[in-house]
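For reference, query36.cif (mmCIF, C-alpha atoms):
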data_structure
loop_
_atom_site.group_PDB
_atom_site.id
_atom_site.type_symbol
_atom_site.label_atom_id
_atom_site.label_comp_id
_atom_site.auth_asym_id
_atom_site.auth_seq_id
_atom_site.Cartn_x
_atom_site.Cartn_y
_atom_site.Cartn_z
ATOM 1 C CA MET A 1 118.272 108.271 124.392
ATOM 2 C CA GLU A 2 117.576 109.112 128.018
ATOM 3 C CA ASN A 3 114.562 110.475 129.927
ATOM 4 C CA ILE A 4 111.967 109.318 127.405
ATOM 5 C CA PRO A 5 108.809 108.158 129.202
ATOM 6 C CA LYS A 6 107.084 104.939 128.183
ATOM 7 C CA LEU A 7 103.628 104.942 126.649
ATOM 8 C CA PRO A 8 101.198 102.047 126.863
ATOM 9 C CA VAL A 9 100.695 100.232 123.568
ATOM 10 C CA TRP A 10 97.208 101.237 122.439
ATOM 11 C CA ASN A 11 97.211 99.935 118.865
ATOM 12 C CA LYS A 12 95.496 96.577 118.415
ATOM 13 C CA TRP A 13 97.026 95.739 115.018
ATOM 14 C CA LYS A 14 99.865 93.213 114.985
ATOM 15 C CA ARG A 15 102.214 92.513 112.099
ATOM 16 C CA PRO A 16 101.345 89.110 110.573
ATOM 17 C CA THR A 17 103.971 86.457 111.224
ATOM 18 C CA SER A 18 103.561 85.326 107.602
ATOM 19 C CA ILE A 19 105.359 88.479 106.399
ATOM 20 C CA PRO A 20 109.168 88.201 106.697
ATOM 21 C CA TYR A 21 110.811 90.548 109.157
ATOM 22 C CA PRO A 22 112.971 92.294 108.297
ATOM 23 C CA ASN A 23 111.810 92.552 104.716
ATOM 24 C CA THR A 24 113.166 94.330 101.645
ATOM 25 C CA TRP A 25 110.202 96.144 100.088
ATOM 26 C CA HIS A 26 111.643 98.008 97.134
ATOM 27 C CA ARG A 27 114.842 98.607 95.190
ATOM 28 C CA PHE A 28 115.674 101.526 92.924
ATOM 29 C CA THR A 29 118.602 103.334 91.352
ATOM 30 C CA THR A 30 119.188 107.066 91.489
ATOM 31 C CA LYS A 31 121.904 109.615 90.803
ATOM 32 C CA THR A 32 123.470 112.185 93.083
ATOM 33 C CA LYS A 33 123.570 115.789 91.933
ATOM 34 C CA ASP A 34 127.157 115.279 90.770
ATOM 35 C CA GLY A 35 126.159 112.254 88.662
ATOM 36 C CA LYS A 36 127.188 109.391 90.942
ATOM 37 C CA VAL A 37 124.911 106.351 90.536
ATOM 38 C CA LEU A 38 123.479 105.002 93.787
ATOM 39 C CA LYS A 39 121.696 101.718 94.319
ATOM 40 C CA MET A 40 119.099 102.040 97.058
ATOM 41 C CA LYS A 41 116.687 99.758 98.852
ATOM 42 C CA ILE A 42 113.766 100.306 101.199
ATOM 43 C CA VAL A 43 113.631 97.941 104.147
ATOM 44 C CA ASP A 44 111.895 97.559 107.484
ATOM 45 C CA LEU A 45 113.086 99.643 110.400
ATOM 46 C CA THR A 46 114.424 97.032 112.834
ATOM 47 C CA PRO A 47 114.901 97.171 116.626
ATOM 48 C CA ASP A 48 118.668 97.605 116.339
ATOM 49 C CA ARG A 49 117.973 100.934 114.594
ATOM 50 C CA PHE A 50 115.023 102.196 116.677
ATOM 51 C CA GLU A 51 117.208 104.595 118.687
ATOM 52 C CA GLU A 52 119.027 105.702 115.554
ATOM 53 C CA SER A 53 115.682 106.489 113.931
ATOM 54 C CA LEU A 54 114.776 108.809 116.825
ATOM 55 C CA GLU A 55 118.038 110.691 116.378
ATOM 56 C CA PHE A 56 117.360 110.776 112.633
ATOM 57 C CA LEU A 57 113.993 112.421 113.325
ATOM 58 C CA ARG A 58 115.554 114.916 115.729
ATOM 59 C CA ASN A 59 118.280 115.878 113.275
ATOM 60 C CA TYR A 60 116.427 115.851 109.965
ATOM 61 C CA PHE A 61 112.671 116.064 110.611
ATOM 62 C CA TYR A 62 111.772 118.171 113.634
ATOM 63 C CA LEU A 63 114.357 120.866 112.871
ATOM 64 C CA ASP A 64 112.921 121.271 109.363
ATOM 65 C CA GLU A 65 109.208 120.457 109.698
ATOM 66 C CA PRO A 66 107.414 123.853 109.669
ATOM 67 C CA ILE A 67 104.943 123.366 112.527
ATOM 68 C CA CYS A 68 107.333 121.716 114.987
ATOM 69 C CA ARG A 69 110.055 124.226 114.132
ATOM 70 C CA SER A 70 107.707 127.187 114.617
ATOM 71 C CA LEU A 71 106.422 125.823 117.940
ATOM 72 C CA LYS A 72 110.033 125.120 119.016
ATOM 73 C CA LEU A 73 109.007 121.613 119.980
ATOM 74 C CA LEU A 74 112.548 120.346 120.556
ATOM 75 C CA GLU A 75 113.240 123.254 122.924
ATOM 76 C CA ASP A 76 110.263 122.234 125.093
ATOM 77 C CA GLU A 77 111.702 119.300 127.029
ATOM 78 C CA ILE A 78 108.362 117.844 128.100
ATOM 79 C CA SER A 79 106.889 118.076 124.612
ATOM 80 C CA ALA A 80 110.052 116.732 122.975
ATOM 81 C CA ASN A 81 110.208 113.743 125.333
ATOM 82 C CA ASN A 82 106.536 112.973 124.767
ATOM 83 C CA GLU A 83 106.940 113.201 120.985
ATOM 84 C CA MET A 84 109.953 110.886 121.067
ATOM 85 C CA CYS A 85 107.976 108.541 123.302
ATOM 86 C CA LYS A 86 105.150 108.483 120.733
ATOM 87 C CA GLN A 87 107.603 107.712 117.948
ATOM 88 C CA SER A 88 109.333 105.027 120.026
ATOM 89 C CA GLU A 89 106.023 103.344 120.818
ATOM 90 C CA ALA A 90 104.977 103.451 117.149
ATOM 91 C CA SER A 91 108.183 101.650 116.169
ATOM 92 C CA GLN A 92 106.979 98.600 118.101
ATOM 93 C CA GLN A 93 104.382 97.915 115.400
ATOM 94 C CA ARG A 94 107.274 97.215 113.019
ATOM 95 C CA VAL A 95 105.737 98.869 109.973
ATOM 96 C CA SER A 96 108.079 101.875 109.602
ATOM 97 C CA ILE A 97 110.507 101.776 106.692
ATOM 98 C CA ILE A 98 113.920 103.235 105.913
ATOM 99 C CA ALA A 99 115.900 103.910 102.734
ATOM 100 C CA VAL A 100 119.476 102.663 102.836
ATOM 101 C CA LEU A 101 122.337 102.215 100.415
ATOM 102 C CA ASP A 102 122.007 98.832 98.709
ATOM 103 C CA GLU A 103 125.411 97.420 99.563
ATOM 104 C CA GLU A 104 127.012 94.435 101.229
ATOM 105 C CA ASN A 105 127.007 95.886 104.695
ATOM 106 C CA SER A 106 125.365 94.540 107.820
ATOM 107 C CA LYS A 107 124.211 98.053 108.714
ATOM 108 C CA PRO A 108 124.113 100.275 105.609
ATOM 109 C CA GLU A 109 123.740 104.023 105.959
ATOM 110 C CA MET A 110 120.200 105.219 106.706
ATOM 111 C CA VAL A 111 119.433 108.048 104.302
ATOM 112 C CA GLY A 112 115.633 108.244 104.475
ATOM 113 C CA LEU A 113 112.892 107.378 106.955
ATOM 114 C CA GLN A 114 109.116 106.980 106.797
ATOM 115 C CA LYS A 115 107.674 106.539 110.286
ATOM 116 C CA LEU A 116 104.321 104.755 110.191
ATOM 117 C CA ARG A 117 101.723 103.111 112.324
ATOM 118 C CA ILE A 118 98.573 101.202 111.453
ATOM 119 C CA ILE A 119 95.359 102.590 112.934
ATOM 120 C CA SER A 120 92.240 100.476 113.379
ATOM 121 C CA LYS A 121 88.739 101.088 114.705
ATOM 122 C CA ASP A 122 89.435 98.587 117.480
ATOM 123 C CA ASP A 123 92.293 100.636 118.949
ATOM 124 C CA GLY A 124 92.161 101.769 122.534
ATOM 125 C CA PRO A 125 92.198 105.462 123.539
ATOM 126 C CA GLN A 126 95.344 107.314 122.570
ATOM 127 C CA PRO A 127 97.508 108.339 125.538
ATOM 128 C CA LYS A 128 97.359 111.995 126.538
ATOM 129 C CA LEU A 129 100.606 113.778 125.711
ATOM 130 C CA THR A 130 101.693 116.799 127.725
ATOM 131 C CA GLY A 131 103.815 119.875 127.161
ATOM 132 C CA ASN A 132 103.085 123.393 125.932
ATOM 133 C CA ALA A 133 104.239 122.817 122.345
ATOM 134 C CA MET A 134 102.592 119.392 122.255
ATOM 135 C CA GLY A 135 99.246 120.860 123.309
ATOM 136 C CA LYS A 136 99.399 123.406 120.494
ATOM 137 C CA LEU A 137 100.509 120.759 118.010
ATOM 138 C CA GLU A 138 97.626 118.428 118.868
ATOM 139 C CA LYS A 139 95.100 121.296 118.612
ATOM 140 C CA ILE A 140 96.374 122.150 115.125
ATOM 141 C CA PHE A 141 95.934 118.561 113.989
ATOM 142 C CA ARG A 142 92.479 118.364 115.594
ATOM 143 C CA ASP A 143 91.525 121.437 113.558
ATOM 144 C CA LEU A 144 92.758 119.790 110.366
ATOM 145 C CA TYR A 145 90.892 116.530 110.975
ATOM 146 C CA HIS A 146 87.711 118.100 112.401
ATOM 147 C CA ASN A 147 84.614 116.411 110.913
ATOM 148 C CA ARG A 148 86.797 114.391 108.572
ATOM 149 C CA ASP A 149 86.912 110.736 109.518
ATOM 150 C CA PRO A 150 89.737 108.820 107.792
ATOM 151 C CA PHE A 151 87.848 105.535 108.213
ATOM 152 C CA GLU A 152 84.892 106.940 106.259
ATOM 153 C CA ILE A 153 87.031 108.694 103.652
ATOM 154 C CA LEU A 154 89.118 105.590 102.961
ATOM 155 C CA GLU A 155 86.117 103.242 103.389
ATOM 156 C CA THR A 156 88.024 100.906 105.666
ATOM 157 C CA ASP A 157 88.388 99.819 109.291
ATOM 158 C CA VAL A 158 92.192 99.974 109.209
ATOM 159 C CA PHE A 159 94.683 102.311 107.522
ATOM 160 C CA LEU A 160 98.316 103.387 107.409
ATOM 161 C CA LYS A 161 99.117 106.625 109.222
ATOM 162 C CA GLY A 162 102.237 108.635 108.386
ATOM 163 C CA LEU A 163 104.152 110.008 111.373
ATOM 164 C CA GLY A 164 107.061 111.651 109.621
ATOM 165 C CA LEU A 165 108.880 111.515 106.301
ATOM 166 C CA CYS A 166 112.438 112.798 106.068
ATOM 167 C CA VAL A 167 115.589 112.396 104.011
ATOM 168 C CA LYS A 168 119.164 113.130 105.026
ATOM 169 C CA PRO A 169 120.160 116.528 103.537
ATOM 170 C CA ASP A 170 123.016 115.169 101.399
ATOM 171 C CA TYR A 171 120.527 112.815 99.694
ATOM 172 C CA GLN A 172 117.604 115.177 99.161
ATOM 173 C CA GLY A 173 116.269 115.943 95.699
ATOM 174 C CA ILE A 174 117.158 112.580 94.123
ATOM 175 C CA GLY A 175 113.892 110.656 94.535
ATOM 176 C CA ILE A 176 114.292 109.011 97.933
ATOM 177 C CA GLY A 177 111.227 110.636 99.506
ATOM 178 C CA TYR A 178 109.206 109.817 96.394
ATOM 179 C CA ASN A 179 110.208 106.142 96.552
ATOM 180 C CA LEU A 180 109.407 105.933 100.266
ATOM 181 C CA LEU A 181 105.891 107.190 99.519
ATOM 182 C CA LEU A 182 105.580 104.963 96.457
ATOM 183 C CA CYS A 183 106.507 101.955 98.592
ATOM 184 C CA LEU A 184 103.483 102.442 100.849
ATOM 185 C CA GLU A 185 101.280 100.614 98.351
ATOM 186 C CA LYS A 186 103.440 97.495 98.691
ATOM 187 C CA LEU A 187 103.091 97.633 102.460
ATOM 188 C CA ALA A 188 99.347 98.186 102.230
ATOM 189 C CA ASN A 189 98.893 95.221 99.906
ATOM 190 C CA ALA A 190 100.994 92.948 102.123
ATOM 191 C CA TYR A 191 99.124 93.958 105.272
ATOM 192 C CA ASP A 192 95.692 94.006 103.557
ATOM 193 C CA VAL A 193 95.298 97.694 104.365
ATOM 194 C CA LYS A 194 93.118 99.715 102.019
ATOM 195 C CA GLY A 195 94.634 103.183 102.323
ATOM 196 C CA CYS A 196 96.903 105.734 103.941
ATOM 197 C CA MET A 197 96.092 109.064 105.583
ATOM 198 C CA THR A 198 98.615 111.613 106.764
ATOM 199 C CA THR A 199 99.441 115.306 107.097
ATOM 200 C CA PHE A 200 101.840 117.032 104.723
ATOM 201 C CA THR A 201 103.186 120.363 105.942
ATOM 202 C CA ARG A 202 105.782 121.319 103.294
ATOM 203 C CA ILE A 203 105.193 122.097 99.636
ATOM 204 C CA GLU A 204 107.912 119.619 98.624
ATOM 205 C CA SER A 205 106.220 116.666 100.356
ATOM 206 C CA GLN A 206 102.784 117.794 99.172
ATOM 207 C CA ILE A 207 104.005 117.686 95.565
ATOM 208 C CA LEU A 208 105.538 114.231 96.073
ATOM 209 C CA ALA A 209 102.306 112.984 97.625
ATOM 210 C CA GLU A 210 100.290 114.198 94.648
ATOM 211 C CA ARG A 211 102.731 112.471 92.279
ATOM 212 C CA VAL A 212 102.084 109.067 93.879
ATOM 213 C CA GLY A 213 98.313 109.563 93.964
ATOM 214 C CA PHE A 214 97.433 111.194 97.300
ATOM 215 C CA LYS A 215 94.373 113.449 97.300
ATOM 216 C CA MET A 216 93.711 116.416 99.562
ATOM 217 C CA TYR A 217 90.787 116.151 102.007
ATOM 218 C CA ASN A 218 91.363 119.318 104.012
ATOM 219 C CA GLU A 219 93.686 122.290 104.011
ATOM 220 C CA ILE A 220 94.408 125.058 106.527
ATOM 221 C CA SER A 221 96.433 128.142 105.760
ATOM 222 C CA TYR A 222 99.357 128.866 108.064
ATOM 223 C CA SER A 223 98.228 132.493 108.111
ATOM 224 C CA ASP A 224 95.049 131.446 109.993
ATOM 225 C CA TYR A 225 97.025 130.901 113.217
ATOM 226 C CA LYS A 226 97.824 134.007 115.253
ATOM 227 C CA ASP A 227 98.910 134.634 118.837
ATOM 228 C CA GLU A 228 97.024 136.649 121.465
ATOM 229 C CA GLU A 229 98.330 139.897 119.972
ATOM 230 C CA GLY A 230 97.266 139.005 116.443
ATOM 231 C CA ARG A 231 100.734 138.158 115.165
ATOM 232 C CA ARG A 232 101.235 135.186 112.882
ATOM 233 C CA ILE A 233 102.494 132.125 114.718
ATOM 234 C CA PHE A 234 103.942 130.538 111.601
ATOM 235 C CA SER A 235 106.475 132.411 109.529
ATOM 236 C CA ILE A 236 106.935 129.878 106.744
ATOM 237 C CA GLU A 237 108.339 130.559 103.314
ATOM 238 C CA HIS A 238 107.291 128.720 100.144
ATOM 239 C CA THR A 239 104.442 126.727 101.782
ATOM 240 C CA LYS A 240 101.034 128.389 102.225
ATOM 241 C CA SER A 241 99.148 125.637 104.033
ATOM 242 C CA PHE A 242 99.281 122.232 105.633
ATOM 243 C CA LYS A 243 97.121 119.479 104.195
ATOM 244 C CA MET A 244 95.281 116.343 105.233
ATOM 245 C CA MET A 245 95.968 113.929 102.369
ATOM 246 C CA GLY A 246 94.996 110.335 101.733
ATOM 247 C CA ILE A 247 95.194 107.580 99.175
ATOM 248 C CA LYS A 248 93.123 104.444 98.608
ATOM 249 C CA TYR A 249 94.749 101.186 97.526
#

Output the file's structure as structure tokens, nothing else.
Amino acid sequence: MENIPKLPVWNKWKRPTSIPYPNTWHRFTTKTKDGKVLKMKIVDLTPDRFEESLEFLRNYFYLDEPICRSLKLLEDEISANNEMCKQSEASQQRVSIIAVLDEENSKPEMVGLQKLRIISKDDGPQPKLTGNAMGKLEKIFRDLYHNRDPFEILETDVFLKGLGLCVKPDYQGIGIGYNLLLCLEKLANAYDVKGCMTTFTRIESQILAERVGFKMYNEISYSDYKDEEGRRIFSIEHTKSFKMMGIKY
């Protein structure tokens, strides 16, 4: 992927060498909507698939995620490049996971992705990201997290942060997103991390998060955001609000 600027690495956390990489974290069996049985596994996202994961996000996350879609983030070249740069830099921590078909294949099909990073109190300042859509996006998230400190809520100095959960359309509705979220506890235990905090913007992911034990710590209605002429910025069906949600392990 071309024209993506490089960000300095600001996270202090490093993956312990004692944990195998790549690692298989979870296996499960599911059925397609037409009854076909699929064996799946959740594994580490590895460098040979970093670029593929960015395309996966472009194709299946940003086009569907309500806030980014409403702000037309991918149509704003500066914002899109900065967002991809953020995701590329986060991959270097080597904590993101993917769901793939459990088959004898050196590079099985990627059908689900959970982008992650580990945040610690010792981290340096986060790089400033530019672009019109990016500025609006960051303000929205600042509003959601205002006066709510994840370190205090989770009672820890280090936590998992979700950066995007998505499943390939042909594989949606068969438990892949649920298993990706369920797998976070295994990662947290291996890395000695006491919790996860993230933002869920769609009712489907909010329901999945509740099923695996996430609790809501703040909520903002999409109807609260209006443009200069008083018109709603977000025209989103089925989901009333976006939520700050966390879980302790």

Query raised in the report: Which is closer to Val95 in chain A than all the others in A:Phe214, A:Phe61, A:Tyr21, A:Trp10, using all atoms listed in the file?
Result: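 Of the candidates, the smallest distance to Val95 in chain A is held by A:Tyr21.
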
Query raised in the report: Taking into account all atoms listed in the file, which residue in the set A:Ile67, A:Val158, A:Val9, A:Leu54 is nearest to Ile233 in chain A?
Result: A:Ile67

Query - Residue neighbourhood range 162-165 of chain A, 6 Å, only C-alpha atoms, exclusion window fewer than 2 positions, as a PyMOL selection string - result: chain A and resi 113-116+198

Query raised in the report: Written as a list of chain:residue names, what is the full residue list that the PyMOL selection byres ((chain A and resi 134) around 10) yields on the file shown?
Result: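 Here the PyMOL selection byres ((chain A and resi 134) around 10) matches A:Cys68, A:Leu71, A:Lys72, A:Leu73, A:Asp76, A:Ile78, A:Ser79, A:Ala80, A:Asn81, A:Asn82, A:Glu83, A:Leu129, A:Thr130, A:Gly131, A:Asn132, A:Ala133, A:Gly135, A:Lys136, A:Leu137, A:Glu138, A:Lys139, A:Ile140.
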
Report summary line: One decimal place gives the CA of Arg27 in chain A-CA of Val100 in chain A separation as 9.8 Å

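Each of A:Thr30, A:Asn59, A:Asn218, A:Gln87 was checked against Leu101 in chain A using all atoms listed in the file; the smallest atom-to-atom distance is that of A:Thr30.
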
**Report entry** CA of Tyr191 in chain A to CA of Ala99 in chain A, straight-line distance in Å
**Finding:**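 Computed distance, CA of Ala99 in chain A to CA of Tyr191 in chain A, equals 19.7 Å.
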